[in-house]
Structure formats: structure tokens, C-alpha cells
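Chemist: PDB, C-alpha atoms, pLDDT in the B column, saved as coords-v9.pdb, coming up:
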```
MODEL        1
ATOM      1  CA  MET X 557     -12.265  12.691  16.358  1.00 95.00           C
ATOM      2  CA  ASN X 558     -12.069  10.439  13.310  1.00 97.00           C
ATOM      3  CA  TYR X 559     -14.849  10.468  10.743  1.00 98.00           C
ATOM      4  CA  LYS X 560     -15.622   8.287   7.741  1.00 98.00           C
ATOM      5  CA  ILE X 561     -17.821   9.789   5.053  1.00 98.00           C
ATOM      6  CA  GLU X 562     -19.496   7.476   2.565  1.00 98.00           C
ATOM      7  CA  TYR X 563     -20.707   8.993  -0.662  1.00 98.00           C
ATOM      8  CA  ILE X 564     -22.005   7.894  -4.037  1.00 97.00           C
ATOM      9  CA  LEU X 565     -20.114   9.045  -7.098  1.00 96.00           C
ATOM     10  CA  HIS X 566     -22.621   9.179  -9.960  1.00 95.00           C
ATOM     11  CA  SER X 567     -21.256   8.671 -13.450  1.00 89.00           C
ATOM     12  CA  LYS X 568     -22.734   7.939 -16.864  1.00 87.00           C
ATOM     13  CA  ARG X 569     -21.834   4.245 -16.626  1.00 91.00           C
ATOM     14  CA  GLU X 570     -22.547   3.436 -12.981  1.00 94.00           C
ATOM     15  CA  ASP X 571     -22.908   4.723  -9.440  1.00 95.00           C
ATOM     16  CA  LEU X 572     -19.991   3.858  -7.156  1.00 95.00           C
ATOM     17  CA  LEU X 573     -19.862   3.908  -3.364  1.00 97.00           C
ATOM     18  CA  HIS X 574     -16.701   5.580  -2.023  1.00 97.00           C
ATOM     19  CA  SER X 575     -15.376   6.564   1.421  1.00 98.00           C
ATOM     20  CA  ARG X 576     -13.158   9.362   2.675  1.00 98.00           C
ATOM     21  CA  TYR X 577     -11.648   9.709   6.123  1.00 98.00           C
ATOM     22  CA  TYR X 578     -11.204  12.940   8.053  1.00 98.00           C
ATOM     23  CA  ARG X 579      -9.772  13.921  11.420  1.00 97.00           C
ATOM     24  CA  ALA X 580     -11.768  16.884  12.714  1.00 97.00           C
ATOM     25  CA  LEU X 581     -12.868  18.522  15.951  1.00 97.00           C
ATOM     26  CA  ASP X 582     -16.530  17.652  15.386  1.00 97.00           C
ATOM     27  CA  LEU X 583     -19.090  16.337  12.911  1.00 96.00           C
ATOM     28  CA  ILE X 584     -19.839  19.762  11.442  1.00 97.00           C
ATOM     29  CA  THR X 585     -16.166  20.399  10.667  1.00 97.00           C
ATOM     30  CA  ALA X 586     -15.756  16.963   9.035  1.00 98.00           C
ATOM     31  CA  LYS X 587     -18.789  17.619   6.840  1.00 97.00           C
ATOM     32  CA  GLU X 588     -17.465  21.071   5.885  1.00 97.00           C
ATOM     33  CA  MET X 589     -14.122  19.510   4.961  1.00 97.00           C
ATOM     34  CA  PHE X 590     -15.887  17.012   2.696  1.00 97.00           C
ATOM     35  CA  LEU X 591     -18.002  19.738   1.083  1.00 96.00           C
ATOM     36  CA  ALA X 592     -14.841  21.784   0.459  1.00 96.00           C
ATOM     37  CA  THR X 593     -13.335  18.738  -1.281  1.00 96.00           C
ATOM     38  CA  CYS X 594     -16.439  18.582  -3.475  1.00 95.00           C
ATOM     39  CA  GLU X 595     -16.354  22.297  -4.305  1.00 94.00           C
ATOM     40  CA  ASN X 596     -12.633  23.052  -4.573  1.00 94.00           C
ATOM     41  CA  GLY X 597     -10.724  19.773  -4.309  1.00 93.00           C
ATOM     42  CA  SER X 598     -10.405  16.452  -6.051  1.00 93.00           C
ATOM     43  CA  LEU X 599     -14.181  16.003  -6.411  1.00 93.00           C
ATOM     44  CA  THR X 600     -14.770  19.350  -8.138  1.00 93.00           C
ATOM     45  CA  GLY X 601     -17.199  18.945 -11.011  1.00 91.00           C
ATOM     46  CA  GLU X 602     -18.244  15.428 -10.007  1.00 93.00           C
ATOM     47  CA  ASP X 603     -21.825  14.381  -9.254  1.00 95.00           C
ATOM     48  CA  VAL X 604     -21.529  13.380  -5.588  1.00 96.00           C
ATOM     49  CA  GLU X 605     -24.244  12.337  -3.144  1.00 96.00           C
ATOM     50  CA  LEU X 606     -23.345  12.213   0.543  1.00 96.00           C
ATOM     51  CA  LYS X 607     -24.694   8.988   2.005  1.00 97.00           C
ATOM     52  CA  THR X 608     -23.580   8.439   5.622  1.00 98.00           C
ATOM     53  CA  ILE X 609     -21.146   9.946   8.130  1.00 98.00           C
ATOM     54  CA  TYR X 610     -19.599   7.666  10.730  1.00 98.00           C
ATOM     55  CA  GLU X 611     -17.624   8.498  13.871  1.00 98.00           C
ATOM     56  CA  LYS X 612     -14.965   6.133  15.159  1.00 97.00           C
ATOM     57  CA  GLN X 613     -15.771   5.061  18.711  1.00 93.00           C
ATOM     58  CA  GLU X 614     -13.725   2.367  20.446  1.00 91.00           C
ATOM     59  CA  ASN X 615     -12.422   0.882  17.170  1.00 91.00           C
ATOM     60  CA  ASN X 616     -15.924   0.755  15.625  1.00 96.00           C
ATOM     61  CA  TRP X 617     -17.514   3.043  13.049  1.00 97.00           C
ATOM     62  CA  THR X 618     -20.847   4.331  14.375  1.00 96.00           C
ATOM     63  CA  PRO X 619     -23.256   6.169  12.063  1.00 96.00           C
ATOM     64  CA  VAL X 620     -23.887   9.713  13.260  1.00 96.00           C
ATOM     65  CA  GLU X 621     -25.660  11.175  10.217  1.00 91.00           C
ATOM     66  CA  SER X 622     -27.286   9.751   7.105  1.00 81.00           C
TER      67      SER X 622
ENDMDL
END
```
Take the structure from the file and write it as C-alpha cells.

Modeler:
Amino acid sequence: MNYKIEYILHSKREDLLHSRYYRALDLITAKEMFLATCENGSLTGEDVELKTIYEKQENNWTPVES
């Protein structure tokens, strides 16, 4: 399955909405992959707030968790 995770990157100057895309077996795995990116990857040390997780269904992004 394909997942799109929207998150807010908080900084001193402004809060920015970003998205990351993951291919995972299920929603839980996609969320774990994102959390691993926050803890040990390119978002380490950043102030990140997970906003919404979408699943791609028939060429449309459908919210599955917010």
C-alpha cells in the first residue's frame, strides 16, 4: 500500500506543512517508518507534529488517521 504522511515542521520562524510518502504493508508499518525517520533519520532533532496519514485508493488519497 502507498501512504502519504503530512506533518508540521515547527521552527523558530514559522511552522511548515510537509509530506512524506511511504510504501508499506499497512498503516502501522508506515507510521513506524515515519517515526524512525524522526528518531534516527533526516528529521532527527527537529520539532515535528504528525498531522494526517492518507492511503492511496484508486488514484485518490483518503485520510485514514489524523

Chemist: Out of X:Arg576, X:Lys560, X:Arg569, X:Lys587, which residue has the shortest atom-to-atom distance to X:Asn616 when counting only C-alpha atoms?

Modeler: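 The closest residue to X:Asn616 is X:Lys560.
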
Chemist: Considering only C-alpha atoms, state which residue in the set X:Leu591, X:Ala580, X:Pro619, X:Met557 is at the smallest distance from X:Glu605.

Modeler: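 Closest residue, counting only C-alpha atoms: X:Leu591.
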
Chemist: I'd like the interatomic distance between atom CA of X:Tyr610 and atom CA of X:Ile561, to a tenth of an Å.

Modeler: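 Between atom CA of X:Tyr610 and atom CA of X:Ile561 the gap works out to 6.3 Å.
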
Chemist: Just the number, please: distance in Å from atom CA of X:Ile609 to atom CA of X:Leu572, one decimal.

Modeler: 16.5 Å

Chemist: Taking the file as shown, find all residues satisfying the PyMOL selection byres ((chain X and resi 564) around 7) and write them as number ranges by chain.

Modeler: X: 563, 565-566, 571-574, 604-607

Chemist: Interatomic distance between atom CA of X:Trp617 and atom CA of X:Tyr577?

Modeler: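 Those two atoms sit 11.3 Å apart.
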
Chemist: Of the candidates X:Glu595, X:Lys568, X:Leu583, X:Asn558, which shows the shortest atom-to-atom distance to X:Glu621, using only C-alpha atoms?

Modeler: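 Ranking X:Glu595, X:Lys568, X:Leu583, X:Asn558 by distance to X:Glu621, first place goes to X:Leu583.
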
Chemist: Using all atoms listed in the file, which of the listed residues (X:Ser567, X:Thr618, X:Gly597, X:Glu611) sits closest to X:Ile584?

Modeler: X:Glu611

Chemist: For X:Val620, which residue among X:Ser598, X:Glu570, X:Ala592, X:Asp582 is the nearest when counting only C-alpha atoms?

Modeler: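 Checking each candidate against X:Val620, we get X:Asp582 as the closest.
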